[in-house]
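What follows is the content of entry.cif, which has mmCIF, C-alpha atoms:
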data_my_file
#
loop_
_atom_site.label_atom_id
_atom_site.label_comp_id
_atom_site.auth_asym_id
_atom_site.auth_seq_id
_atom_site.Cartn_x
_atom_site.Cartn_y
_atom_site.Cartn_z
CA MET A 1 0.00 0.00 0.00
CA TYR A 2 1.35 3.35 -0.99
CA ASN A 3 1.62 5.98 1.78
CA GLU A 4 1.84 9.60 0.61
CA ASN A 5 3.11 10.75 4.03
CA VAL A 6 6.41 9.03 3.27
CA VAL A 7 6.80 11.11 0.11
CA TRP A 8 5.98 14.36 1.90
CA GLU A 9 8.37 13.58 4.75
CA ARG A 10 11.17 12.75 2.30
CA ALA A 11 10.61 15.99 0.37
CA ARG A 12 10.63 18.03 3.57
CA ASN A 13 13.87 16.44 4.78
CA GLU A 14 15.52 17.17 1.42
CA ASN A 15 14.39 20.78 1.64
CA LEU A 16 15.74 21.17 5.18
CA LYS A 17 19.05 19.62 4.12
CA LYS A 18 19.29 22.08 1.25
CA LEU A 19 18.60 24.98 3.62
CA ARG A 20 21.34 23.82 6.01
CA VAL A 21 23.86 23.68 3.19
CA GLU A 22 22.78 27.12 1.99
CA GLY A 23 23.02 28.47 5.55
CA ALA A 24 26.57 27.15 5.89
CA ARG A 25 27.55 28.75 2.61
CA ASN A 26 26.01 32.04 3.66
CA HIS A 27 27.84 31.90 7.00
CA VAL A 28 31.15 31.57 5.15
CA ALA A 29 30.17 34.29 2.71
CA SER A 30 29.30 36.63 5.59
CA THR A 31 32.95 37.34 6.15
CA VAL A 32 32.98 39.46 3.00
CA GLY A 33 30.57 42.11 1.84
CA ARG A 34 28.47 44.50 3.81
CA ALA A 35 24.82 43.47 3.20
CA VAL A 36 24.77 40.48 5.56
CA TYR A 37 21.79 39.58 7.73
CA LYS A 38 21.78 37.58 10.94
CA ILE A 39 18.76 35.30 10.64
CA ALA A 40 17.18 32.60 12.78
CA ARG A 41 15.93 29.69 10.67
CA LEU A 42 13.05 27.82 12.25
CA ASP A 43 11.75 24.49 10.95
CA ALA A 44 8.37 22.84 11.41
CA PHE A 45 9.63 20.87 14.45
CA GLY A 46 10.62 23.95 16.46
CA ASN A 47 14.36 23.68 15.83
CA VAL A 48 16.14 27.05 15.61
CA GLU A 49 19.46 27.67 13.84
CA ILE A 50 21.29 30.99 13.53
CA ILE A 51 22.70 31.66 10.07
CA PHE A 52 24.33 34.61 8.31
CA VAL A 53 22.93 35.34 4.86
CA LYS A 54 24.11 37.81 2.28
CA LYS A 55 21.44 39.95 0.73
CA ARG A 56 21.92 38.76 -2.84
CA ASP A 57 21.92 35.11 -1.72
CA LEU A 58 18.67 35.64 0.19
CA LEU A 59 17.05 37.25 -2.84
CA ARG A 60 18.21 34.41 -5.08
CA VAL A 61 17.17 31.52 -2.82
CA GLN A 62 13.79 32.95 -1.88
CA ALA A 63 13.08 34.37 -5.36
CA LEU A 64 12.24 37.79 -3.93
CA ALA A 65 12.51 41.24 -5.43
CA PRO A 66 14.63 43.90 -3.68
CA ARG A 67 11.48 45.88 -2.87
CA ASP A 68 10.12 42.84 -1.02
CA LEU A 69 13.26 42.60 1.10
CA ARG A 70 13.11 46.33 1.91
CA ARG A 71 9.90 45.61 3.81
CA LEU A 72 11.94 43.39 6.15
CA ASP A 73 15.27 45.21 6.17
CA PRO A 74 16.30 45.68 9.84
CA SER A 75 18.49 48.64 8.88
CA LEU A 76 15.36 50.66 8.07
CA SER A 77 13.56 52.30 10.96
CA ALA A 78 10.02 51.35 11.92
CA THR A 79 8.74 54.65 10.55
CA LYS A 80 9.96 53.73 7.06
CA THR A 81 8.43 50.24 7.04
CA SER A 82 4.77 49.50 7.66
CA ASP A 83 2.98 46.29 8.60
CA THR A 84 3.14 43.82 5.73
CA LEU A 85 1.49 40.51 4.95
CA VAL A 86 2.01 39.45 1.34
CA VAL A 87 2.70 36.21 -0.51
CA LYS A 88 5.38 35.98 -3.19
CA ASP A 89 5.28 32.68 -5.07
CA ASP A 90 5.81 30.03 -2.37
CA VAL A 91 6.86 32.27 0.55
CA MET A 92 5.06 34.70 2.82
CA VAL A 93 6.59 38.06 3.73
CA ILE A 94 5.57 39.10 7.26
CA ASN A 95 6.29 42.35 9.07
CA LEU A 96 3.84 42.55 11.97
CA GLY A 97 4.46 44.41 15.20
CA GLY A 98 8.23 44.36 14.76
CA VAL A 99 8.38 40.65 13.78
CA ARG A 100 10.09 40.44 10.37
CA SER A 101 10.07 37.02 8.76
CA ILE A 102 10.04 35.09 5.50
CA VAL A 103 7.79 32.06 5.85
CA ALA A 104 7.62 28.98 3.64
CA ALA A 105 5.53 25.85 3.99
CA ASP A 106 8.03 24.11 6.28
CA TYR A 107 10.50 26.72 7.52
CA ALA A 108 10.72 30.39 8.50
CA LEU A 109 13.54 32.94 8.41
CA LEU A 110 13.37 35.46 11.23
CA PHE A 111 15.29 38.75 11.01
CA GLU A 112 16.85 40.38 14.10
CA PRO A 113 16.64 37.24 16.28
CA ASP A 114 18.30 39.04 19.21
CA SER A 115 15.58 41.67 19.62
CA ASP A 116 13.08 41.37 22.47
CA LEU A 117 10.10 40.94 20.15
CA ALA A 118 11.92 38.29 18.12
CA ARG A 119 12.79 36.34 21.27
CA LEU A 120 9.19 36.51 22.44
CA PHE A 121 8.08 35.35 19.00
CA LEU A 122 10.51 32.43 19.00
CA LYS A 123 9.56 31.43 22.53
CA THR A 124 5.86 31.44 21.65
CA LEU A 125 6.25 29.65 18.33
CA THR A 126 8.81 26.99 19.28
CA SER A 127 6.74 25.83 22.26
CA ARG A 128 3.69 25.40 20.02
CA LEU A 129 5.63 23.62 17.28
CA LYS A 130 7.35 21.24 19.67
CA SER A 131 4.00 20.41 21.26
CA VAL A 132 2.59 19.59 17.82
CA ALA A 133 5.70 17.54 16.99
CA ARG A 134 5.28 15.49 20.17
CA SER A 135 1.64 14.86 19.28
CA ARG A 136 2.67 13.77 15.80
CA VAL A 137 5.34 11.40 17.14
CA ALA A 138 2.88 9.88 19.63
CA PHE A 139 0.33 9.32 16.87
CA ARG A 140 2.86 7.72 14.55
CA THR A 141 4.11 5.47 17.34
CA ALA A 142 0.59 4.26 17.98
CA GLU A 143 0.15 3.88 14.21
CA SER A 144 3.24 1.69 13.96
CA VAL A 145 2.03 -0.50 16.80
CA ARG A 146 -1.37 -0.91 15.14
CA VAL A 147 0.16 -1.74 11.76
CA PHE A 148 2.54 -4.24 13.38
CA ALA A 149 -0.45 -5.90 15.01
CA GLY A 150 -2.09 -6.29 11.61
CA GLY A 151 -4.40 -3.27 11.67
CA PRO A 152 -5.04 -0.83 8.79
CA LEU A 153 -2.84 2.19 8.04
CA SER A 154 -4.48 5.56 8.70
CA SER A 155 -4.66 8.30 6.11
CA GLY A 156 -3.04 11.73 6.33
CA SER A 157 -6.35 13.44 7.06
CA GLU A 158 -6.95 11.06 9.96
CA GLU A 159 -3.52 11.94 11.32
CA ALA A 160 -4.36 15.65 11.16
CA ASP A 161 -7.68 15.03 12.93
CA ASN A 162 -6.09 13.01 15.72
CA THR A 163 -3.16 15.35 16.36
CA HIS A 164 -5.09 18.59 15.77
CA LEU A 165 -2.42 19.95 13.46
CA ILE A 166 -2.62 23.31 11.77
CA PRO A 167 -0.38 24.39 8.87
CA PHE A 168 3.09 25.61 9.73
CA GLU A 169 2.60 29.00 8.06
CA LEU A 170 -0.59 29.51 10.07
CA GLU A 171 1.33 28.76 13.28
CA VAL A 172 3.93 31.37 12.32
CA LEU A 173 1.32 33.93 11.28
CA GLU A 174 -0.67 33.41 14.47
CA ALA A 175 2.47 33.76 16.61
CA ALA A 176 3.35 37.01 14.81
CA LEU A 177 -0.19 38.33 15.28
CA MET A 178 -0.06 37.24 18.91
CA VAL A 179 3.11 39.26 19.46
CA ALA A 180 1.74 42.27 17.54
CA THR A 181 -1.59 42.39 19.39
CA GLY A 182 0.12 41.55 22.68
CA THR A 183 2.42 44.53 22.19
CA LEU A 184 -0.62 46.73 21.56
CA ASP A 185 -2.34 45.39 24.68
CA GLN A 186 0.74 45.95 26.85
CA SER A 187 1.17 49.48 25.53
CA LEU A 188 -2.51 50.11 26.16
CA LEU A 189 -2.24 48.79 29.72
CA ARG A 190 0.75 51.02 30.49
CA ILE A 191 -0.89 54.10 29.00
CA THR A 192 -4.09 53.37 30.96
CA GLU A 193 -2.10 53.42 34.19
CA ARG A 194 -0.51 56.72 33.20
CA VAL A 195 -3.92 58.22 32.40
CA SER A 196 -5.30 57.03 35.75
CA ALA A 197 -2.35 58.64 37.55
CA LEU A 198 -2.99 61.90 35.71
CA LEU A 199 -6.68 61.86 36.64
CA ARG A 200 -5.71 61.65 40.31
CA VAL A 201 -3.61 64.82 39.97
CA LEU A 202 -5.37 66.91 37.34
CA PRO A 203 -7.14 69.29 37.16
CA SER A 204 -7.00 70.02 40.90
CA ASN A 205 -3.20 70.25 41.02
CA ILE A 206 -1.96 71.77 37.78
CA THR A 207 1.82 71.69 37.50
CA ALA A 208 4.29 71.91 34.67
CA GLU A 209 5.27 68.25 35.15
CA ALA A 210 1.65 67.12 34.99
CA LEU A 211 0.99 69.11 31.82
CA GLU A 212 4.12 67.67 30.17
CA GLU A 213 3.02 64.14 31.12
CA LEU A 214 -0.39 64.83 29.60
CA ARG A 215 1.25 65.92 26.35
CA ARG A 216 3.34 62.75 26.25
CA VAL A 217 0.31 60.58 26.98
CA LYS A 218 -1.60 62.14 24.09
CA GLN A 219 1.34 61.62 21.75
CA THR A 220 1.67 57.97 22.80
CA LEU A 221 -2.04 57.39 22.32
CA VAL A 222 -1.95 58.87 18.83
CA GLU A 223 0.94 56.55 17.90
CA LEU A 224 -0.87 53.56 19.40
CA ILE A 225 -4.05 54.35 17.47
CA SER A 226 -2.03 54.65 14.27
CA LYS A 227 -0.40 51.24 14.80
CA ALA A 228 -3.68 49.54 15.66
CA ASP A 229 -5.44 51.15 12.71
CA THR A 230 -2.67 50.08 10.31
CA LEU A 231 -2.80 46.47 11.51
CA ARG A 232 -6.60 46.43 11.40
CA GLU A 233 -6.71 47.75 7.85
CA LEU A 234 -4.12 45.16 6.78
CA LEU A 235 -6.14 42.28 8.22
CA GLU A 236 -9.37 43.60 6.74
CA GLU A 237 -7.74 43.94 3.34
CA VAL A 238 -6.52 40.33 3.46
CA MET A 239 -9.84 38.96 4.68
CA ASP A 240 -11.85 40.83 2.05
CA ASP A 241 -9.96 39.13 -0.78
CA GLU A 242 -10.50 35.36 -0.95
CA ASP A 243 -7.61 34.97 -3.40
CA ASP A 244 -5.25 36.48 -0.84
CA LEU A 245 -6.52 34.03 1.77
CA GLN A 246 -5.93 31.14 -0.62
CA ASP A 247 -2.39 32.36 -1.27
CA LEU A 248 -1.66 32.32 2.47
CA LEU A 249 -2.21 28.54 2.56
CA LEU A 250 1.35 27.63 1.60
CA THR A 251 1.16 24.10 2.98
CA ARG A 252 -1.95 23.32 0.97
CA LYS A 253 -0.29 24.67 -2.18
CA LYS A 254 2.74 22.48 -1.57
CA GLU A 255 0.60 19.45 -0.81
CA ARG A 256 -1.48 19.97 -3.95
CA SER A 257 1.61 20.14 -6.14
CA GLU A 258 3.10 17.09 -4.41
CA ARG A 259 -0.16 15.17 -4.67
CA ALA A 260 -0.46 16.07 -8.34
CA ARG A 261 3.03 14.75 -9.00
CA VAL A 262 2.44 11.56 -7.02
CA TRP A 263 -0.97 11.07 -8.60
CA LYS A 264 0.52 11.47 -12.07
CA GLU A 265 3.15 8.84 -11.34
CA LEU A 266 0.60 6.44 -9.88
CA ARG A 267 -1.77 6.97 -12.76
CA GLU A 268 1.00 6.14 -15.23
CA GLN A 269 1.82 2.99 -13.27
CA LEU A 270 -1.78 1.86 -12.89
CA ARG A 271 -3.03 2.85 -16.34
CA GLY A 272 -2.32 -0.62 -17.70
CA GLU A 273 -3.95 -2.34 -14.72
CA LYS A 274 -7.09 -0.21 -14.25
CA GLY A 275 -9.67 0.93 -16.68
CA GLU A 276 -9.98 4.51 -17.80
CA ASP A 277 -13.32 4.95 -15.99
CA GLU A 278 -11.93 3.72 -12.71
CA ASP A 279 -8.90 6.00 -13.13
CA VAL A 280 -11.12 9.03 -13.73
CA GLY A 281 -13.31 8.11 -10.78
CA ASP A 282 -10.32 7.98 -8.46
CA LEU A 283 -9.18 11.34 -9.78
CA LEU A 284 -12.58 12.93 -9.12
CA ALA A 285 -12.64 11.50 -5.60
CA GLU A 286 -9.17 12.92 -5.00
CA VAL A 287 -10.26 16.35 -6.28
CA GLU A 288 -13.32 16.34 -4.00
CA ALA A 289 -11.18 15.43 -0.99
CA GLU A 290 -8.74 18.22 -1.85
CA ALA A 291 -11.61 20.72 -2.13
CA GLU A 292 -12.88 19.77 1.32
CA LEU A 293 -9.40 20.12 2.83
CA ASP A 294 -8.92 23.52 1.14
CA GLU A 295 -12.25 24.74 2.50
CA ASP A 296 -11.38 23.60 6.03
CA ALA A 297 -7.94 25.24 5.86
CA LEU A 298 -9.45 28.44 4.49
CA GLU A 299 -12.05 28.54 7.25
CA GLU A 300 -9.36 27.99 9.86
CA MET A 301 -7.29 30.85 8.40
CA GLU A 302 -10.32 33.15 8.44
CA ASP A 303 -11.08 32.26 12.07
CA VAL A 304 -7.52 33.12 13.14
CA LEU A 305 -7.50 36.42 11.25
CA GLU A 306 -10.98 37.30 12.52
CA TYR A 307 -9.95 36.72 16.13
CA TYR A 308 -6.89 38.96 15.95
CA LEU A 309 -8.85 41.53 13.95
CA GLN A 310 -11.29 41.79 16.83
CA ARG A 311 -8.45 42.12 19.33
CA CYS A 312 -6.89 44.84 17.22
CA ALA A 313 -10.21 46.66 16.88
CA THR A 314 -10.74 46.44 20.65
CA ALA A 315 -7.32 47.96 21.33
CA HIS A 316 -8.00 50.67 18.73
CA ASN A 317 -11.37 51.59 20.27
CA GLU A 318 -9.95 51.60 23.81
CA ALA A 319 -7.05 53.84 22.73
CA GLU A 320 -9.50 56.23 21.06
CA ARG A 321 -11.57 56.32 24.26
CA LEU A 322 -8.48 57.14 26.33
CA LEU A 323 -7.45 59.81 23.83
CA ALA A 324 -10.92 61.37 24.02
CA GLY A 325 -10.64 61.32 27.83
CA ALA A 326 -7.21 62.97 27.65
CA ARG A 327 -8.59 65.68 25.38
CA ASP A 328 -11.53 66.24 27.73
CA LEU A 329 -9.04 66.51 30.60
CA GLU A 330 -7.07 69.05 28.60
CA GLU A 331 -10.22 71.10 28.02
CA SER A 332 -11.03 70.89 31.72
CA ILE A 333 -7.54 72.17 32.51
CA SER A 334 -8.03 75.02 30.05
CA VAL A 335 -11.31 75.96 31.75
CA SER A 336 -9.65 75.79 35.15
CA LEU A 337 -6.76 77.98 34.00
CA SER A 338 -9.19 80.45 32.45
CA SER A 339 -11.08 80.61 35.74
CA ARG A 340 -7.83 81.30 37.55
CA ARG A 341 -6.89 84.01 35.08
CA PHE A 342 -10.32 85.60 35.56
CA ALA A 343 -9.86 85.58 39.34
CA VAL A 344 -6.43 87.18 38.94
CA ASN A 345 -7.89 89.86 36.67
CA ARG A 346 -10.61 90.60 39.22
CA LEU A 347 -8.00 90.92 41.93
CA GLU A 348 -5.90 93.23 39.77
CA LEU A 349 -8.91 95.44 39.02
CA THR A 350 -9.86 95.60 42.70
CA LEU A 351 -6.33 96.58 43.66
CA SER A 352 -6.30 99.22 40.92
CA MET A 353 -9.50 100.78 42.31
CA ALA A 354 -8.03 100.74 45.84
CA SER A 355 -4.83 102.32 44.54
CA PHE A 356 -6.86 105.05 42.83
CA ALA A 357 -8.72 105.88 46.04
CA VAL A 358 -5.50 105.92 48.08
CA ALA A 359 -3.89 108.15 45.46
CA ILE A 360 -6.68 110.75 45.89
CA GLY A 361 -6.08 110.70 49.68
CA ALA A 362 -2.35 111.11 49.09
CA LEU A 363 -3.12 114.12 46.88
CA ILE A 364 -5.05 115.78 49.69
CA SER A 365 -2.33 115.06 52.25
CA GLY A 366 0.25 116.42 49.80
CA ILE A 367 -1.67 119.65 49.46
CA PHE A 368 -1.73 120.14 53.22
CA GLY A 369 1.93 119.22 53.43
CA MET A 370 2.97 122.25 51.38
CA ASN A 371 4.36 125.32 53.14
CA LEU A 372 1.09 127.29 53.33
CA ARG A 373 0.76 130.32 55.60
CA SER A 374 -2.38 129.42 57.61
CA THR A 375 -3.15 128.37 61.16
CA PHE A 376 -5.17 125.22 60.16
CA GLU A 377 -2.15 122.97 60.01
CA MET A 378 -1.19 124.06 63.52
CA SER A 379 -4.47 122.84 65.01
CA VAL A 380 -4.56 119.38 66.64
CA ARG A 381 -8.28 118.98 65.95
CA GLY A 382 -7.70 119.99 62.38
CA PHE A 383 -5.16 117.18 62.01
CA TYR A 384 -7.53 114.51 63.30
CA PHE A 385 -10.39 115.88 61.25
CA THR A 386 -8.34 115.95 58.06
CA THR A 387 -7.03 112.43 58.66
CA ALA A 388 -10.53 111.03 59.26
CA PHE A 389 -11.84 112.89 56.23
CA ILE A 390 -9.11 111.44 53.98
CA ILE A 391 -9.70 107.84 55.25
CA PHE A 392 -13.48 107.95 54.89
CA GLY A 393 -13.15 109.74 51.59
CA CYS A 394 -10.89 107.02 50.19
CA LEU A 395 -13.26 104.29 51.40
CA PHE A 396 -16.25 106.05 49.90
CA LEU A 397 -14.48 106.58 46.60
CA PHE A 398 -13.42 102.91 46.47
CA TRP A 399 -16.96 101.72 47.27
CA THR A 400 -18.45 103.99 44.62
CA VAL A 401 -16.10 102.76 41.90
CA TYR A 402 -16.63 99.13 43.00
CA ARG A 403 -20.43 99.42 42.78
CA PHE A 404 -20.11 101.05 39.38
CA THR A 405 -18.00 98.18 37.99
CA LYS A 406 -20.39 95.61 39.46
CA ARG A 407 -23.44 97.25 37.83
CA ARG A 408 -21.68 97.39 34.48
CA GLY A 409 -20.55 93.74 34.72
CA ILE A 410 -16.90 94.71 34.55
CA LEU A 411 -16.05 93.00 37.84
#

What do you get writing this file as structure tokens?
Amino acid sequence: MYNENVVWERARNENLKKLRVEGARNHVASTVGRAVYKIARLDAFGNVEIIFVKKRDLLRVQALAPRDLRRLDPSLSATKTSDTLVVKDDVMVINLGGVRSIVAADYALLFEPDSDLARLFLKTLTSRLKSVARSRVAFRTAESVRVFAGGPLSSGSEEADNTHLIPFELEVLEAALMVATGTLDQSLLRITERVSALLRVLPSNITAEALEELRRVKQTLVELISKADTLRELLEEVMDDEDDLQDLLLTRKKERSERARVWKELREQLRGEKGEDEDVGDLLAEVEAEAELDEDALEEMEDVLEYYLQRCATAHNEAERLLAGARDLEESISVSLSSRRFAVNRLELTLSMASFAVAIGALISGIFGMNLRSTFEMSVRGFYFTTAFIIFGCLFLFWTVYRFTKRRGIL
């Protein structure tokens, strides 16, 4: 009985061997030239290997255009590269939340493996892949025992059902989306704590430090909203196009091509033994089975993208709510400062009226202080009378001007 899993496993091992040889060559070539990337190569079993690849070798092996590699170039700042999720031939180019990777059906090349986000990505992905690999080994061990005991050999679809496997590229994409949305959630949590701290201080205690922190919080929220909106638009664009979703299924594309090759060989071998009708019937049954598998894989891809789209939309809406609250707080501070300025203006006007009244009294005292030839300034009663007159006159003048400004709404 022919087992197609043996063919797929042999092809995958040959591909991994080719990649190891290419990685060794690139490591030797990294000693010369300037455009050399440090890359972590991850296989479908969770094994990680650090290699050094020259730019032209990477473009040649992966069949990428220079513009595709610029989307992943670590030398470019994050402001010059946006989130990317595109498929070029048989590889997927991913730049999500700082995770830059080239993904094939059975391996992934991760740029900047020493960065914090890359380490988090590798930790998340390798644990999942190794868990799947252990499940696959356990299933195949049980399968060998059953076959040795004389039982039937299970099909590949039954293996996938029993081990709950998902395609390798979907594991990588989900891990990248997990890191991207997790980064958004962590940033949102930190900014929420900063906003809560500001609300405990403002607007009752307005200081220069608090106002500067409010400005920084608003700037961070704007950047967070921009990142979440960019990621949300990217996921919506991919989900709206069914052809793009089909292109993301790299494992299914590889399996279809491998099945077509194997089926062609088997059909040539069995053409003399089977009739044409039976051959066509087997081909139709194979096509129907492939269509069902493609539909299941497509639905699984849509579910994953839909989940992280909702998480991204939730983070976007929460950041917009916090930004609206920060702007309302800023308006409240402006109202509070305006109220303070109004109180200061009232105080200044009141002091100006008091100064005017006192100036009139000083004018009268200055007149009596001149060297006039009269006996009034020699009288003790005259002194007390003049002093009382000046004081009450100043108070009366101040009260009159104050009532006038109140009636006119000036004060």

Requested in this report: Mind checking which residues fall within 9 Å of Val238 of chain A, counting all atoms listed in the file, ignoring those fewer than 4 positions away in the same chain, and posting them as a PyMOL selection string?
Outcome: chain A and resi 85-86+233-234+242-245+305

Query raised in the report: Between A:Val99, A:Leu249, A:Ala35, A:Met239, which one has atoms that come closest to Val179 of chain A, using all atoms listed in the file?
Result: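 Nearest to Val179 of chain A: A:Val99.
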
Query - Selection dump of the PyMOL selection byres ((chain A and resi 308) around 10), as an MDAnalysis selection string - result: chainID A and resid 174 177:178 180:181 231:232 235 303:307 309:314

**Report entry** Close residues, Thr251 of chain A itself excluded, 10 Å, all atoms listed in the file, min 6 positions apart in chain, as a PyMOL selection string
**Finding:** chain A and resi 90+104-106+166-170+257+297

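Of the residues listed (A:Asp68, A:Asp114, A:Glu223, A:Asp247), A:Glu223 shows the shortest atom-to-atom separation from Leu184 of chain A; distances use only C-alpha atoms.
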
Can you tell me which residues surround segment 342-354 of chain A at a distance of at most 12 Å, considering all atoms listed in the file, apart from same-chain residues fewer than 5 positions away, and format the answer as a PDB file with C-alpha atoms, in the frame of the given file?
ATOM      1  CA  VAL A 335     -11.310  75.960  31.750  1.00  0.00           C
ATOM      2  CA  SER A 336      -9.650  75.790  35.150  1.00  0.00           C
ATOM      3  CA  LEU A 337      -6.760  77.980  34.000  1.00  0.00           C
ATOM      4  CA  ALA A 359      -3.890 108.150  45.460  1.00  0.00           C
ATOM      5  CA  ILE A 360      -6.680 110.750  45.890  1.00  0.00           C
ATOM      6  CA  GLY A 361      -6.080 110.700  49.680  1.00  0.00           C
ATOM      7  CA  ILE A 391      -9.700 107.840  55.250  1.00  0.00           C
ATOM      8  CA  GLY A 393     -13.150 109.740  51.590  1.00  0.00           C
ATOM      9  CA  CYS A 394     -10.890 107.020  50.190  1.00  0.00           C
ATOM     10  CA  LEU A 395     -13.260 104.290  51.400  1.00  0.00           C
ATOM     11  CA  PHE A 396     -16.250 106.050  49.900  1.00  0.00           C
ATOM     12  CA  LEU A 397     -14.480 106.580  46.600  1.00  0.00           C
ATOM     13  CA  PHE A 398     -13.420 102.910  46.470  1.00  0.00           C
ATOM     14  CA  TRP A 399     -16.960 101.720  47.270  1.00  0.00           C
ATOM     15  CA  THR A 400     -18.450 103.990  44.620  1.00  0.00           C
ATOM     16  CA  VAL A 401     -16.100 102.760  41.900  1.00  0.00           C
ATOM     17  CA  TYR A 402     -16.630  99.130  43.000  1.00  0.00           C
ATOM     18  CA  ARG A 403     -20.430  99.420  42.780  1.00  0.00           C
ATOM     19  CA  PHE A 404     -20.110 101.050  39.380  1.00  0.00           C
ATOM     20  CA  THR A 405     -18.000  98.180  37.990  1.00  0.00           C
ATOM     21  CA  LYS A 406     -20.390  95.610  39.460  1.00  0.00           C
ATOM     22  CA  GLY A 409     -20.550  93.740  34.720  1.00  0.00           C
ATOM     23  CA  ILE A 410     -16.900  94.710  34.550  1.00  0.00           C
ATOM     24  CA  LEU A 411     -16.050  93.000  37.840  1.00  0.00           C
TER      25      LEU A 411
END

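A straight line drawn from atom CA of Lys55 of chain A to atom CA of Val36 of chain A is 5.9 Å long.
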